[in-house]
Each structure stands twice: as structure tokens, then as C-alpha cells.
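Q: Before I ask anything, here is the structure I am working with.
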Amino acid sequence: AGLGEPASPSAGTAKPTFFQYLRDGIAVFQTDRSFRLFVFAQWCGGAVLMATPFYVVQAHGGGFDLTRVAVLLGAQTAGALASNAVWGWWGDRLGKASLLAAVTFGRIWPPAVILLLGLTGFVDENRAFVVFVSVFFVLGALANGLTIAVIGYLMEISPDSQRPAYSGYFNAITAPAFLLPFLAGIFATYFGLLPIFAVSMLAAVAQFLLIRAVNSDDAAVS
């Protein structure tokens with residue numbers, strides 16, 4: 001698809017080798033503070049996902065009937081679909097930086113709610129149904145918002161002539177973070193589920209603070 005990128009000055013006809021590309025990526029990570037902070041934020045985002053496989057398990061422990069799991073998945077899908085227009089409008093009108101800050105702040109609350117409920121317990125099954133359906137709706141909305149915000153913001157902080165390279169650097173450096181849910185399964189075996197949600201919540205707080213730092217740097221440059 002032709003995306004209509006604006007014309008940019010030619011960087012020359014010589015094409016770098018693969019190993020030069022890797023060296024350039026290391027140099028970008030070391031010298032570009034905004035990019036580096038954004039990478040750290042994405043690693044924290046991977047840690048937030050550690051709790052993702054366990055929301056249904058914790059819901060069952062909190063009084064939610066497992067025969068109604070499809071309702072939770074439906075709520076998650078509904079959240080994703082209903083939020084798309086909102087995230088698109090927000091990103092266009094208020095900027096990707098504002099969108100990313102809002103979404104990362106929102107990611108703090110699902111694990112925080114589950115952690116609170118796990119510590120206090122539930123006695124009312126109807127209340128458990130409402131709370132967990134709401135949590136899954138928010139999870140779906142935040143997942144879509146994060147996808148839109150991360151891609152858009154990465155394009156904003158990347159130099160016009162190096163956007164594909166920056167995208168490659170970013171994806172390569174942050175890809176291992178998405179293996180953290182696998183480690184969470186091992187962790188949960190020995191320490192239980194609630195510590196996983198605590199780690200997820202703290203990682204979401206760290207991601208939000210890192211995104212604020214990136215935004216502050218960009219605002220200072222502007």
C-alpha cells in the first residue's frame with residue numbers, strides 16, 4: 001500500500017550491510033534517549049502482560065462461574081471493538097503521546113482491581129460477575145489502544161528517513177519481553193497468582209512513568 005510518506009532527503013545510494021545495520025541499532029539505543037526510554041517502557045509493558053493468562057483463573061477463584069467464561073471473552077472483544085473509534089479520535093486530535101500516556105495509565109487498574117479483590121474476597125456472585133466483565137471489557141479496550149499508540153508514537157519519535165530501521169530496532173529489542181508470561185507460569189507455581197498481579201501492576205506504573213519521561217523529553221526538545 002502506498003502510505004503517502006513525504007519526500008525526504010536521500011541518504012545516499014550505498015546500502016549498509018546487515019552487521020552495519022546492527023551496529024547502527026546499538027548506536028541508536030545508546031544515543032537516542034527518547035528511543036531508549038520507549039524501549040524500557042515496552043519491556044515494562046511485557047511485564048504487565050505476565051498476568052494476562054491468569055485473569056480467568058483469578059475470576060473463578062473470586063466467585064465467577066467458569067461455565068460463563070465466554071461472557072468474559074465477549075466482553076473483552078466488545079471492549080476492543082467499541083474503543084477503536086475513541087482511540088483513533090484521541091490520537092488524531094490530542095496526539096499519540098497523550099494517547100499513549102492515557103492507555104499506560106489505564107493499564108494500572110485491571111491488575112490493581114484483581115489484586116484488591118483477591119485480598120478482600122467476594123461473597124456476592126452477582127457482584128463478581130459485574131466486576132470481572134468490566135475488567136475484561138477494559139482489558140480489550142486497552143489492548144487496542146496500546147497497539148495504536150505504540151505504533152503511532154514510534155513513528156513520531158523516529159527520524160523521517162529511518163522509520164523502517166527504528167521499527168526494526170524497536171521490535172528486535174523488545175520482542176523477548178513478550179516471553180515474560182511464560183516465566184509468570186513458573187513463578188505462579190511457587191508463589192501463587194496474587195504476586196503475579198502485583199508485579200503486573202507495578203510494571204504498569206513503571207511503564208506510565210517512563211512514557212511520561214519520554215513525553216517530557218520531547219516537549220523540552222519542541
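Chain labels A, B, ... are given in the sequence in which chains occur in the C-alpha cells; within each chain residues are numbered consecutively from 1, and ligands are likewise numbered from 1 in the order shown.
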Leaving out region 135-141 of chain A and any residue of its chain fewer than 2 positions from it, which residues lie within 7 Å of it when counting only C-alpha atoms, given as a list in words?

A: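 Once the nearby chain positions are removed, what remains is Leu72, Ala75, Gln76, Thr77, Ala78, Gly79, Ala80, Ser83, Pro110, Val131, Phe132, Val133, Ala143, Asn144 and Gly145 of chain A.
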
Q: Just the residues within 8 Å of Val103 (chain A), please, counting only C-alpha atoms, with nothing from its chain fewer than 2 positions along; format it as a list in words.

A: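 Using only C-alpha atoms, the neighbours found are Leu99, Leu100, Ala101, Phe105, Gly106, Arg107, Leu142, Gly145 and Leu146 of chain A.
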
Q: If I take CA of Ser200 (chain A) and CA of Ala51 (chain A), how far is one from the other in Å, to one decimal?

A: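 Separation of CA of Ser200 (chain A) and CA of Ala51 (chain A): 6.0 Å.
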
Q: I'd like the contact shell of Arg163 (chain A) - 12 Å cut-off, only C-alpha atoms, skipping same-chain residues fewer than 4 positions apart - returned as a PDB file with all heavy atoms, in the first residue's frame.

A:
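Listed below is the output, out.pdb:
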ATOM      1  N   GLU A   5       4.099   8.761   2.232  1.00  0.00           N
ATOM      2  CA  GLU A   5       5.153   9.370   3.040  1.00  0.00           C
ATOM      3  C   GLU A   5       5.690  10.598   2.325  1.00  0.00           C
ATOM      4  O   GLU A   5       5.884  10.585   1.107  1.00  0.00           O
ATOM      5  CB  GLU A   5       6.305   8.375   3.258  1.00  0.00           C
ATOM      6  CG  GLU A   5       6.023   7.334   4.324  1.00  0.00           C
ATOM      7  CD  GLU A   5       6.164   7.897   5.725  1.00  0.00           C
ATOM      8  OE1 GLU A   5       6.689   9.023   5.854  1.00  0.00           O
ATOM      9  OE2 GLU A   5       5.737   7.235   6.671  1.00  0.00           O
ATOM     10  N   SER A   8      11.757  12.767   1.482  1.00  0.00           N
ATOM     11  CA  SER A   8      12.817  13.125   2.414  1.00  0.00           C
ATOM     12  C   SER A   8      14.145  13.117   1.668  1.00  0.00           C
ATOM     13  O   SER A   8      14.287  12.457   0.637  1.00  0.00           O
ATOM     14  CB  SER A   8      12.871  12.135   3.571  1.00  0.00           C
ATOM     15  OG  SER A   8      13.085  10.820   3.096  1.00  0.00           O
ATOM     16  N   PHE A  35      14.189   7.143  22.401  1.00  0.00           N
ATOM     17  CA  PHE A  35      14.039   5.773  21.915  1.00  0.00           C
ATOM     18  C   PHE A  35      14.366   4.780  23.021  1.00  0.00           C
ATOM     19  O   PHE A  35      13.656   3.785  23.211  1.00  0.00           O
ATOM     20  CB  PHE A  35      14.953   5.558  20.708  1.00  0.00           C
ATOM     21  CG  PHE A  35      14.901   4.171  20.136  1.00  0.00           C
ATOM     22  CD1 PHE A  35      13.866   3.783  19.305  1.00  0.00           C
ATOM     23  CD2 PHE A  35      15.893   3.239  20.435  1.00  0.00           C
ATOM     24  CE1 PHE A  35      13.807   2.489  18.782  1.00  0.00           C
ATOM     25  CE2 PHE A  35      15.846   1.952  19.917  1.00  0.00           C
ATOM     26  CZ  PHE A  35      14.801   1.583  19.094  1.00  0.00           C
ATOM     27  N   ILE A 151       2.551   2.034  17.947  1.00  0.00           N
ATOM     28  CA  ILE A 151       2.980   2.154  16.557  1.00  0.00           C
ATOM     29  C   ILE A 151       3.042   3.619  16.138  1.00  0.00           C
ATOM     30  O   ILE A 151       4.010   4.080  15.525  1.00  0.00           O
ATOM     31  CB  ILE A 151       2.041   1.351  15.639  1.00  0.00           C
ATOM     32  CG1 ILE A 151       2.147  -0.141  15.944  1.00  0.00           C
ATOM     33  CG2 ILE A 151       2.376   1.621  14.172  1.00  0.00           C
ATOM     34  CD1 ILE A 151       1.157  -0.990  15.195  1.00  0.00           C
ATOM     35  N   GLY A 152       1.997   4.358  16.467  1.00  0.00           N
ATOM     36  CA  GLY A 152       1.958   5.773  16.083  1.00  0.00           C
ATOM     37  C   GLY A 152       3.057   6.578  16.747  1.00  0.00           C
ATOM     38  O   GLY A 152       3.704   7.416  16.100  1.00  0.00           O
ATOM     39  N   TYR A 153       3.294   6.343  18.024  1.00  0.00           N
ATOM     40  CA  TYR A 153       4.300   7.125  18.733  1.00  0.00           C
ATOM     41  C   TYR A 153       5.709   6.773  18.270  1.00  0.00           C
ATOM     42  O   TYR A 153       6.580   7.641  18.186  1.00  0.00           O
ATOM     43  CB  TYR A 153       4.170   6.898  20.233  1.00  0.00           C
ATOM     44  CG  TYR A 153       4.943   7.912  21.040  1.00  0.00           C
ATOM     45  CD1 TYR A 153       4.615   9.264  20.973  1.00  0.00           C
ATOM     46  CD2 TYR A 153       5.998   7.529  21.862  1.00  0.00           C
ATOM     47  CE1 TYR A 153       5.316  10.198  21.708  1.00  0.00           C
ATOM     48  CE2 TYR A 153       6.698   8.460  22.599  1.00  0.00           C
ATOM     49  CZ  TYR A 153       6.352   9.794  22.517  1.00  0.00           C
ATOM     50  OH  TYR A 153       7.054  10.726  23.236  1.00  0.00           O
ATOM     51  N   LEU A 154       5.943   5.500  17.960  1.00  0.00           N
ATOM     52  CA  LEU A 154       7.250   5.111  17.430  1.00  0.00           C
ATOM     53  C   LEU A 154       7.543   5.848  16.134  1.00  0.00           C
ATOM     54  O   LEU A 154       8.668   6.297  15.894  1.00  0.00           O
ATOM     55  CB  LEU A 154       7.293   3.599  17.200  1.00  0.00           C
ATOM     56  CG  LEU A 154       8.593   3.040  16.602  1.00  0.00           C
ATOM     57  CD1 LEU A 154       9.779   3.340  17.516  1.00  0.00           C
ATOM     58  CD2 LEU A 154       8.466   1.548  16.358  1.00  0.00           C
ATOM     59  N   MET A 155       6.524   6.014  15.301  1.00  0.00           N
ATOM     60  CA  MET A 155       6.720   6.753  14.057  1.00  0.00           C
ATOM     61  C   MET A 155       7.019   8.224  14.335  1.00  0.00           C
ATOM     62  O   MET A 155       7.787   8.860  13.610  1.00  0.00           O
ATOM     63  CB  MET A 155       5.477   6.634  13.176  1.00  0.00           C
ATOM     64  CG  MET A 155       5.170   5.221  12.680  1.00  0.00           C
ATOM     65  SD  MET A 155       6.488   4.484  11.677  1.00  0.00           S
ATOM     66  CE  MET A 155       7.319   3.431  12.906  1.00  0.00           C
ATOM     67  N   GLU A 156       6.427   8.757  15.391  1.00  0.00           N
ATOM     68  CA  GLU A 156       6.640  10.173  15.702  1.00  0.00           C
ATOM     69  C   GLU A 156       8.059  10.451  16.206  1.00  0.00           C
ATOM     70  O   GLU A 156       8.620  11.509  15.927  1.00  0.00           O
ATOM     71  CB  GLU A 156       5.620  10.640  16.743  1.00  0.00           C
ATOM     72  CG  GLU A 156       4.214  10.795  16.186  1.00  0.00           C
ATOM     73  CD  GLU A 156       3.280  11.453  17.185  1.00  0.00           C
ATOM     74  OE1 GLU A 156       3.719  11.749  18.321  1.00  0.00           O
ATOM     75  OE2 GLU A 156       2.105  11.671  16.837  1.00  0.00           O
ATOM     76  N   ILE A 157       8.630   9.523  16.976  1.00  0.00           N
ATOM     77  CA  ILE A 157       9.958   9.777  17.529  1.00  0.00           C
ATOM     78  C   ILE A 157      11.070   9.286  16.603  1.00  0.00           C
ATOM     79  O   ILE A 157      12.243   9.494  16.898  1.00  0.00           O
ATOM     80  CB  ILE A 157      10.120   9.133  18.920  1.00  0.00           C
ATOM     81  CG1 ILE A 157      10.087   7.601  18.836  1.00  0.00           C
ATOM     82  CG2 ILE A 157       9.077   9.662  19.888  1.00  0.00           C
ATOM     83  CD1 ILE A 157      10.428   6.922  20.150  1.00  0.00           C
ATOM     84  N   SER A 158      10.702   8.643  15.502  1.00  0.00           N
ATOM     85  CA  SER A 158      11.702   8.149  14.557  1.00  0.00           C
ATOM     86  C   SER A 158      12.005   9.220  13.513  1.00  0.00           C
ATOM     87  O   SER A 158      11.085   9.876  13.013  1.00  0.00           O
ATOM     88  CB  SER A 158      11.193   6.887  13.836  1.00  0.00           C
ATOM     89  OG  SER A 158      10.849   5.877  14.767  1.00  0.00           O
ATOM     90  N   PRO A 159      13.274   9.415  13.151  1.00  0.00           N
ATOM     91  CA  PRO A 159      13.587  10.333  12.051  1.00  0.00           C
ATOM     92  C   PRO A 159      12.901   9.886  10.773  1.00  0.00           C
ATOM     93  O   PRO A 159      12.764   8.679  10.503  1.00  0.00           O
ATOM     94  CB  PRO A 159      15.119  10.214  11.931  1.00  0.00           C
ATOM     95  CG  PRO A 159      15.574   9.712  13.259  1.00  0.00           C
ATOM     96  CD  PRO A 159      14.474   8.826  13.760  1.00  0.00           C
ATOM     97  N   SER A 167      11.823   0.981  13.499  1.00  0.00           N
ATOM     98  CA  SER A 167      10.820  -0.042  13.770  1.00  0.00           C
ATOM     99  C   SER A 167      11.483  -1.408  13.947  1.00  0.00           C
ATOM    100  O   SER A 167      11.122  -2.183  14.845  1.00  0.00           O
ATOM    101  CB  SER A 167       9.803  -0.089  12.630  1.00  0.00           C
ATOM    102  OG  SER A 167       8.818  -1.066  12.875  1.00  0.00           O
ATOM    103  N   GLY A 168      12.462  -1.704  13.091  1.00  0.00           N
ATOM    104  CA  GLY A 168      13.183  -2.964  13.212  1.00  0.00           C
ATOM    105  C   GLY A 168      13.967  -3.048  14.504  1.00  0.00           C
ATOM    106  O   GLY A 168      13.953  -4.081  15.196  1.00  0.00           O
ATOM    107  N   TYR A 169      14.678  -1.964  14.855  1.00  0.00           N
ATOM    108  CA  TYR A 169      15.424  -1.951  16.122  1.00  0.00           C
ATOM    109  C   TYR A 169      14.480  -2.189  17.298  1.00  0.00           C
ATOM    110  O   TYR A 169      14.754  -2.999  18.189  1.00  0.00           O
ATOM    111  CB  TYR A 169      16.124  -0.601  16.330  1.00  0.00           C
ATOM    112  CG  TYR A 169      17.079  -0.170  15.248  1.00  0.00           C
ATOM    113  CD1 TYR A 169      17.263   1.179  14.967  1.00  0.00           C
ATOM    114  CD2 TYR A 169      17.802  -1.093  14.498  1.00  0.00           C
ATOM    115  CE1 TYR A 169      18.142   1.601  13.981  1.00  0.00           C
ATOM    116  CE2 TYR A 169      18.672  -0.685  13.505  1.00  0.00           C
ATOM    117  CZ  TYR A 169      18.842   0.670  13.248  1.00  0.00           C
ATOM    118  OH  TYR A 169      19.701   1.095  12.272  1.00  0.00           O
ATOM    119  N   PHE A 170      13.372  -1.447  17.296  1.00  0.00           N
ATOM    120  CA  PHE A 170      12.435  -1.495  18.418  1.00  0.00           C
ATOM    121  C   PHE A 170      11.852  -2.896  18.591  1.00  0.00           C
ATOM    122  O   PHE A 170      11.822  -3.446  19.701  1.00  0.00           O
ATOM    123  CB  PHE A 170      11.325  -0.471  18.174  1.00  0.00           C
ATOM    124  CG  PHE A 170      10.325  -0.371  19.289  1.00  0.00           C
ATOM    125  CD1 PHE A 170      10.630   0.327  20.440  1.00  0.00           C
ATOM    126  CD2 PHE A 170       9.075  -0.957  19.171  1.00  0.00           C
ATOM    127  CE1 PHE A 170       9.695   0.435  21.473  1.00  0.00           C
ATOM    128  CE2 PHE A 170       8.149  -0.853  20.189  1.00  0.00           C
ATOM    129  CZ  PHE A 170       8.455  -0.154  21.346  1.00  0.00           C
TER     130      PHE A 170
END

Q: Extract, using only C-alpha atoms, all DNA, RNA and protein residues at most 8 Å from region 178-190 of chain A, discarding same-chain residues fewer than 6 positions from it, and format them as a PDB file with N, CA and C atoms, in the first residue's frame.

A:
ATOM      1  N   GLY A  46       5.670  -5.555  28.612  1.00  0.00           N
ATOM      2  CA  GLY A  46       5.713  -7.012  28.558  1.00  0.00           C
ATOM      3  C   GLY A  46       5.496  -7.623  29.931  1.00  0.00           C
ATOM      4  N   ALA A  47       6.035  -6.970  30.958  1.00  0.00           N
ATOM      5  CA  ALA A  47       5.832  -7.464  32.318  1.00  0.00           C
ATOM      6  C   ALA A  47       4.381  -7.321  32.757  1.00  0.00           C
ATOM      7  N   LEU A  49       1.913  -7.852  30.908  1.00  0.00           N
ATOM      8  CA  LEU A  49       1.219  -8.986  30.297  1.00  0.00           C
ATOM      9  C   LEU A  49       1.410 -10.293  31.064  1.00  0.00           C
ATOM     10  N   MET A  50       2.309 -10.312  32.037  1.00  0.00           N
ATOM     11  CA  MET A  50       2.517 -11.534  32.811  1.00  0.00           C
ATOM     12  C   MET A  50       1.228 -12.041  33.438  1.00  0.00           C
ATOM     13  N   ALA A  51       0.349 -11.111  33.794  1.00  0.00           N
ATOM     14  CA  ALA A  51      -0.888 -11.508  34.471  1.00  0.00           C
ATOM     15  C   ALA A  51      -1.984 -11.947  33.507  1.00  0.00           C
ATOM     16  N   THR A  52      -1.814 -11.681  32.208  1.00  0.00           N
ATOM     17  CA  THR A  52      -2.897 -11.902  31.247  1.00  0.00           C
ATOM     18  C   THR A  52      -3.475 -13.316  31.270  1.00  0.00           C
ATOM     19  N   PRO A  53      -2.648 -14.382  31.308  1.00  0.00           N
ATOM     20  CA  PRO A  53      -3.238 -15.730  31.275  1.00  0.00           C
ATOM     21  C   PRO A  53      -4.004 -16.100  32.538  1.00  0.00           C
ATOM     22  N   ILE A 196       1.723 -12.295  41.025  1.00  0.00           N
ATOM     23  CA  ILE A 196       1.806 -12.003  39.585  1.00  0.00           C
ATOM     24  C   ILE A 196       1.058 -10.711  39.266  1.00  0.00           C
TER      25      ILE A 196
END

Q: Closest to Ala213 (chain A) among A:Leu193, A:Ala177, A:Cys44, A:Ala97, using only C-alpha atoms?

A: A:Ala97

Q: Would you please extract all alpha helix (DSSP H) residues from chain A, as assigned by DSSP on the backbone, and give them as JSON, numbers by chain?

A: {"A": [18, 19, 20, 21, 22, 23, 24, 25, 26, 27, 28, 29, 30, 31, 33, 34, 35, 36, 37, 38, 39, 40, 41, 42, 43, 44, 45, 46, 47, 48, 55, 56, 57, 58, 59, 60, 61, 69, 70, 71, 72, 73, 74, 75, 76, 77, 78, 79, 80, 81, 82, 83, 84, 85, 86, 87, 88, 89, 90, 91, 92, 93, 94, 96, 97, 98, 99, 100, 101, 102, 103, 104, 105, 106, 109, 110, 111, 112, 113, 114, 115, 116, 117, 118, 119, 120, 125, 126, 127, 128, 129, 130, 131, 132, 133, 134, 135, 136, 137, 138, 139, 140, 141, 142, 143, 144, 145, 146, 147, 148, 149, 150, 151, 152, 153, 154, 155, 156, 157, 163, 164, 165, 166, 167, 168, 169, 170, 171, 172, 173, 174, 180, 181, 182, 183, 184, 185, 186, 187, 188, 189, 190, 191, 194, 195, 196, 197, 198, 199, 200, 201, 202, 203, 204, 205, 206, 207, 208, 209, 210, 211, 212, 213, 214, 215, 216, 217, 218, 219, 220, 221]}

Q: Rank nothing, just name the residue among A:Leu73, A:Ala27, A:Leu194, A:Ala41 nearest to Thr120 (chain A), using only C-alpha atoms.

A: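 Comparing A:Leu73, A:Ala27, A:Leu194, A:Ala41 against Thr120 (chain A), the winner is A:Leu194.
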
Q: Leaving out Ala128 (chain A) and any residue of its chain fewer than 4 positions from it, which residues lie within 12 Å of it when counting only C-alpha atoms, given as a list of chain:residue names?

A: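 Listed by chain and then number, they are A:Gln58, A:Ala59, A:His60, A:Gly61, A:Gly62, A:Gly63, A:Phe64, A:Asp65, A:Arg68, A:Leu72, A:Val113, A:Ile114, A:Leu117, A:Gly118, A:Gly121, A:Phe122, A:Val123, A:Asp124, A:Phe132, A:Val133, A:Ser134, A:Val135.
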
Q: For CA of Pro111 (chain A) and CA of Gly192 (chain A), quote the distance in Å rounded to one decimal.

A: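 These two atoms are separated by 14.5 Å.
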
Q: Take CA of Gln207 (chain A) and CA of Ala102 (chain A) and report the distance between them in Å, one decimal.

A: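 CA of Gln207 (chain A) sits 11.3 Å away from CA of Ala102 (chain A).
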
Q: Tell me which of A:Ala204, A:Val57, A:Ala165, A:Leu37 sits closest to Phe18 (chain A), counting only C-alpha atoms.

A: A:Ala165

Q: For Ser34 (chain A), list every protein, DNA or RNA residue within 10 Å, evaluated using only C-alpha atoms, and leave out those in the same chain fewer than 5 positions away; present the list as number ranges by chain.

A: A: 29, 39-40, 154, 157-158, 210-211, 213-218

Q: I'd like to know which of A:Gln162, A:Pro176, A:Val71, A:Val86 is closest to Phe129 (chain A), using only C-alpha atoms.

A: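 For Phe129 (chain A), the nearest of the candidates is A:Val71.
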